[in-house]
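*Asks:* Structure file data_9.cif (mmCIF, C-alpha atoms) right here:
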data_data
loop_
_atom_site.label_atom_id
_atom_site.label_comp_id
_atom_site.auth_asym_id
_atom_site.auth_seq_id
_atom_site.Cartn_x
_atom_site.Cartn_y
_atom_site.Cartn_z
CA MET A 19 -16.49 8.35 -10.33
CA THR A 20 -15.99 5.32 -12.56
CA ALA A 21 -13.26 2.91 -11.55
CA GLU A 22 -10.36 2.68 -14.02
CA ARG A 23 -9.48 -0.64 -15.64
CA ASP A 24 -6.91 0.35 -18.28
CA LEU A 25 -3.42 -0.49 -16.99
CA THR A 26 -1.64 2.36 -18.76
CA ARG A 27 -4.11 4.88 -17.37
CA LEU A 28 -3.90 3.31 -13.92
CA LEU A 29 -0.12 3.60 -13.86
CA ALA A 30 0.02 7.08 -15.37
CA GLY A 31 -2.63 8.41 -13.00
CA MET A 32 -1.83 6.52 -9.80
CA ARG A 33 -0.61 9.62 -7.87
CA PRO A 34 1.15 7.72 -5.05
CA ASP A 35 0.82 9.43 -1.68
CA LEU A 36 2.86 8.54 1.41
CA ASP A 37 1.05 8.60 4.75
CA PRO A 38 3.36 10.02 7.44
CA GLY A 39 2.49 7.20 9.87
CA ARG A 40 4.35 4.05 10.78
CA TYR A 41 2.38 0.81 10.47
CA VAL A 42 2.97 -2.71 11.74
CA PHE A 43 1.55 -6.15 11.00
CA THR A 44 0.57 -8.15 14.07
CA THR A 45 -1.76 -11.00 14.94
CA VAL A 46 -4.22 -11.69 17.77
CA ASP A 47 -6.31 -14.71 18.75
CA GLY A 48 -9.53 -12.74 19.33
CA PRO A 49 -10.78 -9.29 18.39
CA ALA A 50 -8.54 -6.23 18.18
CA PRO A 51 -7.62 -4.99 21.67
CA ALA A 52 -9.15 -1.80 23.05
CA GLY A 53 -7.43 1.30 21.76
CA VAL A 54 -6.32 -0.39 18.53
CA ALA A 55 -8.01 0.77 15.32
CA PRO A 56 -6.78 -1.47 12.48
CA VAL A 57 -6.53 -0.05 8.96
CA VAL A 58 -6.59 -3.63 7.62
CA THR A 59 -7.76 -6.93 9.07
CA VAL A 60 -7.38 -10.40 7.61
CA THR A 61 -8.91 -13.47 9.17
CA GLU A 62 -6.63 -16.48 8.88
CA ALA A 63 -6.78 -19.96 10.42
CA GLU A 64 -3.89 -18.96 12.71
CA GLY A 65 -5.53 -15.79 14.01
CA LEU A 66 -6.63 -12.27 13.10
CA THR A 67 -3.95 -10.25 11.30
CA LEU A 68 -4.08 -6.55 12.08
CA VAL A 69 -2.30 -3.71 10.32
CA VAL A 70 -2.19 -0.90 12.86
CA ARG A 71 -0.26 2.25 13.65
CA GLN A 72 2.95 1.41 15.45
CA ASP A 73 2.13 3.61 18.45
CA GLU A 74 -1.18 1.78 18.96
CA ALA A 75 0.56 -1.61 18.78
CA ASP A 76 3.18 -0.46 21.27
CA ALA A 77 0.53 0.87 23.69
CA ALA A 78 -1.37 -2.44 23.49
CA GLY A 79 1.78 -4.54 23.90
CA LEU A 80 1.37 -6.22 20.51
CA ALA A 81 4.38 -7.98 18.99
CA TYR A 82 5.60 -7.18 15.47
CA ASP A 83 8.80 -7.36 13.48
CA TYR A 84 8.11 -5.24 10.40
CA VAL A 85 7.54 -1.48 10.38
CA ALA A 86 5.95 -0.20 7.19
CA GLY A 87 5.11 3.01 5.45
CA ARG A 88 1.72 3.21 3.75
CA ILE A 89 1.53 4.49 0.18
CA THR A 90 -1.93 5.02 -1.28
CA LEU A 91 -2.40 5.01 -5.03
CA ARG A 92 -4.89 7.85 -5.45
CA ILE A 93 -6.47 6.59 -8.67
CA HIS A 94 -9.83 4.83 -8.30
CA SER A 95 -8.84 1.39 -9.55
CA ALA A 96 -11.43 -1.21 -10.48
CA LEU A 97 -11.24 -4.35 -8.40
CA ASP A 98 -11.19 -6.40 -11.61
CA ALA A 99 -8.41 -4.35 -13.24
CA VAL A 100 -5.56 -6.54 -14.44
CA GLY A 101 -1.88 -5.86 -13.89
CA LEU A 102 -1.67 -2.92 -11.48
CA THR A 103 -0.49 -4.96 -8.49
CA ALA A 104 2.03 -6.83 -10.63
CA ALA A 105 3.36 -3.64 -12.21
CA VAL A 106 3.91 -1.70 -8.98
CA ALA A 107 5.20 -4.69 -7.01
CA GLY A 108 7.51 -5.61 -9.89
CA GLU A 109 8.89 -2.08 -10.14
CA LEU A 110 9.57 -2.01 -6.40
CA ALA A 111 11.10 -5.50 -6.54
CA ARG A 112 13.52 -4.36 -9.24
CA ALA A 113 14.59 -1.65 -6.78
CA GLY A 114 15.07 -4.31 -4.07
CA MET A 115 11.99 -3.35 -2.05
CA SER A 116 9.25 -5.54 -0.62
CA CYS A 117 5.64 -4.53 -1.10
CA ASN A 118 2.52 -5.75 0.68
CA VAL A 119 -0.56 -4.68 -1.30
CA VAL A 120 -4.07 -4.28 0.08
CA ALA A 121 -6.93 -3.37 -2.23
CA GLY A 122 -9.64 -1.16 -0.83
CA PHE A 123 -12.88 -0.44 -2.67
CA HIS A 124 -11.52 2.83 -4.10
CA HIS A 125 -7.73 2.61 -3.88
CA ASP A 126 -4.78 0.28 -3.55
CA HIS A 127 -2.55 0.64 -0.50
CA LEU A 128 1.08 -0.44 -0.51
CA PHE A 129 2.90 -1.23 2.69
CA VAL A 130 6.65 -0.90 2.17
CA GLU A 131 9.61 -0.91 4.53
CA ARG A 132 9.28 2.40 6.43
CA ASP A 133 12.97 3.25 6.17
CA ARG A 134 12.71 3.08 2.36
CA ALA A 135 9.22 4.56 1.94
CA GLU A 136 10.41 7.85 0.42
CA GLU A 137 12.54 5.89 -2.03
CA ALA A 138 9.54 3.70 -2.91
CA LEU A 139 7.48 6.83 -3.52
CA THR A 140 10.12 8.11 -5.95
CA VAL A 141 10.20 4.75 -7.80
CA LEU A 142 6.41 4.81 -8.17
CA ARG A 143 6.34 8.43 -9.33
CA ARG A 144 8.91 7.61 -12.02
CA LEU A 145 6.81 4.64 -13.13
CA ALA A 146 3.78 6.94 -13.40
CA GLU A 147 5.77 9.48 -15.42
CA ARG A 148 7.00 6.80 -17.84
CA SER A 149 3.50 5.38 -18.19
CA GLY A 150 2.07 8.81 -18.92
CA SER A 151 4.30 9.07 -21.97
CA PHE A 152 2.82 5.91 -23.52
CA PRO A 153 0.08 6.34 -26.11
CA HIS A 154 -3.43 5.59 -24.78
#
Using the file provided, produce a representation of the structure as structure tokens.
*Replies:*
Amino acid sequence: MTAERDLTRLLAGMRPDLDPGRYVFTTVDGPAPAGVAPVVTVTEAEGLTLVVRQDEADAAGLAYDYVAGRITLRIHSALDAVGLTAAVAGELARAGMSCNVVAGFHHDHLFVERDRAEEALTVLRRLAERSGSFPH
């Protein structure tokens, strides 16, 4: 499958999908503790950031203050595509929602406030519908 670069096609075909899990952002000084399987890691000067399922963080005694829902955009977006992150984050911002975006090789993953994740999904689906009506 060829990765998509065209912004209109990316938005129209993004097919946002909400994972039923609850995710948290936490940080550790060394490697991830046993029993914790991060879905995202970021190495920073201050420590290793982990995005993990909330139940795993709780079991490992990891501190966090933000519980997120994970929305995956099911279109295969090119890593050099321009504007997708800005468009989806901007649309969510206009609805008063934060959005933490992580790009994987095949898909973009949006971490939004868990209590508003269904609402975020609706906002993104409406954006896709509007984008699909634009000429290509």
*Asks:* Range 135-150 of chain A: which residues within 12 Å, counting all atoms listed in the file, same-chain residues fewer than 5 positions away excluded, as a ChimeraX atom specification?
*Replies:* /A:24-41,85-93,102-103,105-117,128-130
*Asks:* Please compute the CA of Asp73 in chain A-CA of Asn118 in chain A distance, one decimal, in Å.
*Replies:*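 Pair CA of Asp73 in chain A / CA of Asn118 in chain A returns 20.1 Å.
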*Asks:* Extract, using all atoms listed in the file, all DNA, RNA and protein residues at most 7 Å from Arg23 in chain A, discarding same-chain residues fewer than 2 positions from it, and format them as an MDAnalysis selection string.
*Replies:* chainID A and resid 21 25 95:96 99
*Asks:* Could you tell me how far CA of Val69 in chain A sits from CA of Asp98 in chain A, in Å to one decimal place?
*Replies:*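 Going from CA of Asp98 in chain A over to CA of Val69 in chain A covers 23.8 Å.
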*Asks:* Provide the CA of Gly48 in chain A to CA of Thr61 in chain A distance in Å, to one decimal place.
*Replies:*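 Interatomic distance, CA of Gly48 in chain A to CA of Thr61 in chain A: 10.2 Å.
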*Asks:* Using the chain letters and numbering of this document, enumerate as a PyMOL selection string the residues selected by the PyMOL selection byres ((chain A and resi 81) around 9).
*Replies:* chain A and resi 43-45+75-76+79-80+82-83
*Asks:* Pull out every residue that the PyMOL selection byres ((chain A and resi 58) around 7) matches in the shown coordinates and put them as a ChimeraX atom specification.
*Replies:* /A:56-57,59-60,68-69
*Asks:* Counting all atoms listed in the file, which residue out of A:His94, A:Ala78, A:Ala50, A:Ala55 sits closest to His125 in chain A?
*Replies:*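 Comparing A:His94, A:Ala78, A:Ala50, A:Ala55 against His125 in chain A, the winner is A:His94.
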*Asks:* Kindly complete range 127-138 of chain A to all heavy atoms; the output should be written as a compact mmCIF listing (two decimals), keeping the file's coordinate frame.
*Replies:*
# COMPACT_ATOMS: atom_id res chain seq x y z
N HIS A 127 -3.43 0.16 -1.55
CA HIS A 127 -2.55 0.64 -0.50
C HIS A 127 -1.34 -0.28 -0.45
O HIS A 127 -1.49 -1.50 -0.38
CB HIS A 127 -3.29 0.65 0.85
CG HIS A 127 -4.56 1.42 0.78
ND1 HIS A 127 -4.61 2.77 1.03
CD2 HIS A 127 -5.82 1.03 0.45
CE1 HIS A 127 -5.86 3.19 0.87
NE2 HIS A 127 -6.60 2.16 0.51
N LEU A 128 -0.17 0.32 -0.51
CA LEU A 128 1.08 -0.44 -0.51
C LEU A 128 1.79 -0.22 0.81
O LEU A 128 2.01 0.92 1.22
CB LEU A 128 1.98 0.04 -1.65
CG LEU A 128 1.35 0.27 -3.02
CD1 LEU A 128 2.38 0.83 -3.99
CD2 LEU A 128 0.74 -1.00 -3.55
N PHE A 129 2.14 -1.31 1.45
CA PHE A 129 2.90 -1.23 2.69
C PHE A 129 4.33 -1.65 2.36
O PHE A 129 4.57 -2.77 1.92
CB PHE A 129 2.28 -2.11 3.78
CG PHE A 129 0.95 -1.59 4.24
CD1 PHE A 129 -0.23 -1.97 3.61
CD2 PHE A 129 0.87 -0.69 5.30
CE1 PHE A 129 -1.46 -1.47 4.02
CE2 PHE A 129 -0.35 -0.18 5.71
CZ PHE A 129 -1.52 -0.57 5.07
N VAL A 130 5.24 -0.70 2.52
CA VAL A 130 6.65 -0.90 2.17
C VAL A 130 7.49 -0.64 3.41
O VAL A 130 7.04 0.01 4.36
CB VAL A 130 7.08 0.04 1.02
CG1 VAL A 130 6.26 -0.22 -0.24
CG2 VAL A 130 6.96 1.51 1.43
N GLU A 131 8.73 -1.13 3.39
CA GLU A 131 9.61 -0.91 4.53
C GLU A 131 9.69 0.59 4.83
O GLU A 131 9.99 1.40 3.96
CB GLU A 131 11.01 -1.45 4.20
CG GLU A 131 11.97 -1.34 5.33
CD GLU A 131 13.37 -1.84 4.97
OE1 GLU A 131 13.52 -2.48 3.91
OE2 GLU A 131 14.29 -1.56 5.75
N ARG A 132 9.39 0.98 6.07
CA ARG A 132 9.28 2.40 6.43
C ARG A 132 10.57 3.17 6.14
O ARG A 132 10.51 4.30 5.67
CB ARG A 132 8.89 2.55 7.91
CG ARG A 132 8.69 3.99 8.32
CD ARG A 132 7.52 4.61 7.56
NE ARG A 132 7.39 6.03 7.81
CZ ARG A 132 7.55 6.99 6.89
NH1 ARG A 132 7.84 6.68 5.65
NH2 ARG A 132 7.40 8.24 7.20
N ASP A 133 11.71 2.55 6.39
CA ASP A 133 12.97 3.25 6.17
C ASP A 133 13.25 3.53 4.69
O ASP A 133 14.11 4.34 4.37
CB ASP A 133 14.14 2.47 6.78
CG ASP A 133 14.11 2.48 8.30
OD1 ASP A 133 13.41 3.34 8.89
OD2 ASP A 133 14.77 1.62 8.91
N ARG A 134 12.51 2.87 3.80
CA ARG A 134 12.71 3.08 2.36
C ARG A 134 11.45 3.64 1.70
O ARG A 134 11.34 3.65 0.47
CB ARG A 134 13.12 1.76 1.70
CG ARG A 134 14.47 1.26 2.23
CD ARG A 134 14.98 0.07 1.47
NE ARG A 134 15.40 0.46 0.12
CZ ARG A 134 15.70 -0.43 -0.83
NH1 ARG A 134 15.61 -1.72 -0.58
NH2 ARG A 134 16.07 -0.03 -2.04
N ALA A 135 10.51 4.11 2.48
CA ALA A 135 9.22 4.56 1.94
C ALA A 135 9.36 5.74 1.00
O ALA A 135 8.69 5.79 -0.04
CB ALA A 135 8.25 4.88 3.08
N GLU A 136 10.21 6.71 1.32
CA GLU A 136 10.41 7.85 0.42
C GLU A 136 11.01 7.39 -0.90
O GLU A 136 10.63 7.88 -1.97
CB GLU A 136 11.31 8.91 1.08
CG GLU A 136 10.68 9.63 2.24
CD GLU A 136 9.61 10.63 1.84
OE1 GLU A 136 9.53 11.00 0.64
OE2 GLU A 136 8.85 11.04 2.72
N GLU A 137 11.95 6.45 -0.82
CA GLU A 137 12.54 5.89 -2.03
C GLU A 137 11.48 5.16 -2.86
O GLU A 137 11.44 5.30 -4.09
CB GLU A 137 13.68 4.94 -1.64
CG GLU A 137 14.40 4.33 -2.81
CD GLU A 137 15.46 3.32 -2.38
OE1 GLU A 137 15.73 3.16 -1.16
OE2 GLU A 137 16.02 2.67 -3.28
N ALA A 138 10.62 4.41 -2.21
CA ALA A 138 9.54 3.70 -2.91
C ALA A 138 8.62 4.70 -3.60
O ALA A 138 8.19 4.48 -4.74
CB ALA A 138 8.76 2.83 -1.93
